[in-house]
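S.K.: First the structure, which I've put down as structure tokens, then a few questions once you've had a look.
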Amino acid sequence: MFRAAKPAVVGEPDMPQSIAQVAQEKGAQLLQLGRDWRWQQLESGWRFSDERITLTELPLPQVPLPNAATALAALSASGLNVSEAIIRQHLDKAVLPGRFQTVAQQPQVILDVAHNPHAAGYLAGRLAQLPKQGKVRAVVGMLHDKDIAGTLACLAPQVDQWYLAPLEGPRGASADELMAALATDRALAFSSVTEAWRAAMQQAAEQDIVLVCGSFHTVAQVMEAMETEKGSGK
């Protein structure tokens with residue numbers, strides 16, 4: 001919500017003109033990525049700058065860099081007196097549940113709510129950076145009004161085996177829809193997310209990565225299944 005005479009930080013690289021119009025109508029101070037503040041990934045760490053501060057060689061966070069940079073822009077604009085040392089100390093500890101969130105090891109289980117090509121591209125990049133000794137097994141459920149083909153195409157180079165599941169409700173895509181979008185013989189279809197999840201875990205070796213993605217609904221169902229199994233002592 002924009003407020004008069006207050007900073008309004010926008011991290012969208014292709015900001016719609018309507019946002020600028022609303023900011024002007026409200027009298028908010030629009031701080032736009034690429035104009036008022038910037039970030040850049042470096043070979044080692046990353047860099048942030050605005051009219052107040054310039055920070056270089058920042059540690060890579062566990063959240064998407066655009067999110068971390070937008071948070072820094074908001075922090076700077078707020079005028080709060082937070083030292084550079086504190087920022088550096090805590091930046092790589094920040095996490096967003098369901099955003100490249102590791103919840104188990106051996107096999108490594110990663111939850112990510114990526115449900116569009118942009119988010120899937122970022123996720124694929126993060127996967128590419130991981131040291132891999134085994135296979136990447138992806139449990140996927142999506143909504144049919146999303147760009148299913150584009151999203152899965154971004155992930156395909158990093159995935160060895162797919163476990164496809166339908167999502168309930170009128171917006172849920174069927175496993176067959178996902179299968180058709182992939183057009184690969186490395187995919188299995190299941191009747192539910194929980195069934196797909198359990199199959200992936202049963203087939204995974206300790207050195208494998210089990211990725212759960214495609215929707216908030218998919219991640220939520222797997223988290224619920226994990227809590228149930230934890231409670232039953234499995």
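Chain lettering (A, B, ...) mirrors the order of the structure tokens, residue numbering begins at 1 for each chain separately, and ligand numbering begins at 1 in order of display.
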Please extract the residues of stretch 25-126 of chain A with a backbone DSSP assignment of strand (DSSP E or B) and present them as a compact mmCIF listing (two decimals) with C-alpha atoms, in the first residue's frame.

M.R.:
```txt
# COMPACT_ATOMS: atom_id res chain seq x y z
CA GLN A 29 8.19 8.47 -3.09
CA LEU A 30 8.73 5.82 -5.76
CA LEU A 31 12.08 4.02 -5.53
CA GLN A 32 12.48 1.94 -8.65
CA LEU A 33 14.95 -0.84 -9.45
CA TRP A 37 18.73 1.42 -6.60
CA ARG A 38 20.60 -1.47 -8.18
CA TRP A 39 22.01 -4.89 -7.49
CA GLN A 40 24.44 -7.09 -9.37
CA GLN A 41 25.64 -10.65 -8.86
CA TRP A 46 26.90 -9.61 -4.92
CA ARG A 47 26.66 -5.81 -4.84
CA PHE A 48 23.91 -3.39 -3.79
CA SER A 49 23.80 0.37 -4.15
CA ASP A 50 21.43 3.30 -3.84
CA THR A 54 27.03 0.94 -1.54
CA LEU A 55 27.70 -2.59 -0.34
CA THR A 56 30.02 -4.94 -2.20
CA GLU A 57 31.02 -8.60 -1.81
CA LEU A 58 27.83 -9.35 0.09
CA GLN A 101 14.10 -24.56 1.45
CA THR A 102 16.08 -27.66 2.42
CA VAL A 103 14.05 -29.69 4.92
CA ALA A 104 15.93 -32.99 4.97
CA GLN A 108 18.39 -33.78 0.28
CA VAL A 109 14.78 -32.58 0.08
CA ILE A 110 14.23 -29.10 -1.36
CA LEU A 111 10.88 -27.31 -1.34
```

S.K.: Excluding A:Val210 and any residue of its chain fewer than 2 positions from it, enumerate the residues within 12 Å of it, using only C-alpha atoms, and give them as a PyMOL selection string.

M.R.: chain A and resi 100-112+127+132+134-140+158-163+196-208+212-213+222

S.K.: Taking only C-alpha atoms into account, which of A:Pro59, A:Ala23, A:Ala156, A:Asn67 comes nearest A:Ala187?

M.R.: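 Between A:Pro59, A:Ala23, A:Ala156, A:Asn67, the residue approaching A:Ala187 most closely is A:Ala156.
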
S.K.: Identify which of the residues A:Tyr122, A:His90, A:Asp145, A:Val113 lies closest to A:Glu177, counting only C-alpha atoms when measuring atom-to-atom distances.

M.R.: A:Asp145

S.K.: Between A:Leu123, A:Val9, A:Gly231, A:Gly169, which one has atoms that come closest to A:Ala71, using only C-alpha atoms?

M.R.: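 Among the listed residues, the smallest separation from A:Ala71 belongs to A:Val9.
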
S.K.: With only C-alpha atoms as the atoms that count, which of A:Pro16, A:Ile209, A:Glu25, A:Gly34 lies nearest to A:Gln133?

M.R.: A:Ile209

S.K.: Give the answer as one residue: which of A:Ile148, A:Met226, A:Leu164, A:Ala94 has the shortest atom-to-atom distance to A:Pro61, using only C-alpha atoms?

M.R.: A:Ala94

S.K.: Please return as an mmCIF file with C-alpha atoms, in the first residue's frame: the residues of stretch 104-230 of chain A that backbone DSSP assigns to alpha helix (DSSP H).

M.R.:
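The result, written out as result31.cif:
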```cif
data_model
loop_
_atom_site.group_PDB
_atom_site.id
_atom_site.type_symbol
_atom_site.label_atom_id
_atom_site.label_comp_id
_atom_site.auth_asym_id
_atom_site.auth_seq_id
_atom_site.Cartn_x
_atom_site.Cartn_y
_atom_site.Cartn_z
ATOM 1 C CA PRO A 117 9.142 -19.618 -15.864
ATOM 2 C CA HIS A 118 10.825 -16.740 -14.046
ATOM 3 C CA ALA A 119 10.830 -18.520 -10.688
ATOM 4 C CA ALA A 120 11.666 -21.862 -12.314
ATOM 5 C CA GLY A 121 14.636 -20.303 -14.090
ATOM 6 C CA TYR A 122 15.982 -19.032 -10.786
ATOM 7 C CA LEU A 123 15.384 -22.434 -9.196
ATOM 8 C CA ALA A 124 17.203 -24.192 -12.049
ATOM 9 C CA GLY A 125 20.155 -21.874 -11.551
ATOM 10 C CA ARG A 126 20.312 -22.691 -7.855
ATOM 11 C CA LEU A 127 20.128 -26.413 -8.606
ATOM 12 C CA ALA A 128 22.950 -26.091 -11.127
ATOM 13 C CA GLN A 129 25.169 -24.632 -8.411
ATOM 14 C CA ILE A 148 3.134 -25.273 -17.453
ATOM 15 C CA ALA A 149 5.273 -25.943 -20.517
ATOM 16 C CA GLY A 150 7.467 -22.889 -19.974
ATOM 17 C CA THR A 151 7.953 -23.623 -16.291
ATOM 18 C CA LEU A 152 8.884 -27.272 -16.785
ATOM 19 C CA ALA A 153 11.163 -26.423 -19.711
ATOM 20 C CA CYS A 154 13.241 -24.212 -17.408
ATOM 21 C CA LEU A 155 13.686 -27.066 -14.945
ATOM 22 C CA ALA A 175 -0.917 -35.392 -14.206
ATOM 23 C CA ASP A 176 -1.675 -36.067 -17.877
ATOM 24 C CA GLU A 177 -1.501 -32.333 -18.634
ATOM 25 C CA LEU A 178 1.921 -32.156 -17.026
ATOM 26 C CA MET A 179 3.021 -35.282 -18.866
ATOM 27 C CA ALA A 180 1.950 -33.816 -22.207
ATOM 28 C CA ALA A 181 3.861 -30.597 -21.517
ATOM 29 C CA LEU A 182 7.051 -32.510 -20.726
ATOM 30 C CA VAL A 193 0.938 -35.310 -4.647
ATOM 31 C CA THR A 194 1.399 -37.459 -1.566
ATOM 32 C CA GLU A 195 1.654 -40.613 -3.666
ATOM 33 C CA ALA A 196 4.186 -38.965 -5.992
ATOM 34 C CA TRP A 197 6.186 -37.727 -3.016
ATOM 35 C CA ARG A 198 6.341 -41.134 -1.388
ATOM 36 C CA ALA A 199 7.393 -42.805 -4.632
ATOM 37 C CA ALA A 200 10.203 -40.286 -5.118
ATOM 38 C CA MET A 201 11.453 -40.826 -1.585
ATOM 39 C CA GLN A 202 11.295 -44.621 -1.901
ATOM 40 C CA GLN A 203 13.310 -44.553 -5.114
ATOM 41 C CA PHE A 216 2.129 -23.511 -3.081
ATOM 42 C CA HIS A 217 -0.440 -26.317 -2.952
ATOM 43 C CA THR A 218 2.149 -28.945 -3.917
ATOM 44 C CA VAL A 219 4.632 -27.811 -1.290
ATOM 45 C CA ALA A 220 1.915 -27.582 1.371
ATOM 46 C CA GLN A 221 0.751 -31.137 0.728
ATOM 47 C CA VAL A 222 4.277 -32.527 0.975
ATOM 48 C CA MET A 223 4.952 -30.565 4.160
ATOM 49 C CA GLU A 224 1.743 -31.995 5.622
ATOM 50 C CA ALA A 225 2.786 -35.520 4.606
ATOM 51 C CA MET A 226 6.195 -35.038 6.207
ATOM 52 C CA GLU A 227 4.627 -33.842 9.442
ATOM 53 C CA THR A 228 2.283 -36.840 9.463
ATOM 54 C CA GLU A 229 5.161 -39.259 8.903
ATOM 55 C CA LYS A 230 7.202 -37.510 11.582
#
```

S.K.: Excluding A:Gln62 and residues on its chain fewer than 3 positions from it, collect all residues at most 7 Å away from it, counting only C-alpha atoms, and give them as an MDAnalysis selection string.

M.R.: chainID A and resid 92:95

S.K.: Which neighbours of stretch 1-4 of chain A fall inside 7 Å, counting only C-alpha atoms, when residues of the same chain fewer than 2 positions from it are skipped, and could you give them as a PDB file with C-alpha atoms, in the first residue's frame?

M.R.:
```
ATOM      1  CA  LYS A   6       6.533   7.652   2.253  1.00  0.00           C
ATOM      2  CA  ALA A   8       7.548   2.917  -2.072  1.00  0.00           C
ATOM      3  CA  ALA A  23       2.446   6.207  -6.592  1.00  0.00           C
ATOM      4  CA  LYS A  26      -0.879   8.800  -3.565  1.00  0.00           C
ATOM      5  CA  GLY A  27       2.069  11.166  -3.331  1.00  0.00           C
ATOM      6  CA  ALA A  28       4.450   8.317  -2.495  1.00  0.00           C
TER       7      ALA A  28
END
```

S.K.: As an exercise, work out the distance from atom CA of A:Thr184 to atom CA of A:Pro157 in Å and give it to one decimal place.

M.R.: 12.0 Å

S.K.: Please determine, counting only C-alpha atoms, which residue among A:Ala69, A:Leu211, A:Ala165, A:Ala173 has the shortest atom-to-atom distance to A:Ser191.

M.R.: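 For A:Ser191, the nearest of the candidates is A:Ala165.
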
S.K.: Would you mind listing what lies within 8 Å of A:Arg171 as an mmCIF file with C-alpha atoms, in the first residue's frame, with only C-alpha atoms counted and same-chain residues fewer than 3 positions away left out?

M.R.:
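And here is the file that came out, part.cif:
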```cif
data_model
loop_
_atom_site.group_PDB
_atom_site.id
_atom_site.type_symbol
_atom_site.label_atom_id
_atom_site.label_comp_id
_atom_site.auth_asym_id
_atom_site.auth_seq_id
_atom_site.Cartn_x
_atom_site.Cartn_y
_atom_site.Cartn_z
ATOM 1 C CA LEU A 143 -2.382 -25.164 -11.686
ATOM 2 C CA HIS A 144 -3.538 -25.385 -15.289
ATOM 3 C CA ASP A 145 -3.785 -21.608 -15.690
ATOM 4 C CA LEU A 167 -3.866 -30.760 -7.907
ATOM 5 C CA GLU A 168 -7.411 -30.766 -6.595
#
```

S.K.: Atom CA of A:Met142 and atom CA of A:Val10, how far apart in Å?

M.R.: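 Spanning atom CA of A:Val10 to atom CA of A:Met142 is a straight-line distance of 27.6 Å.
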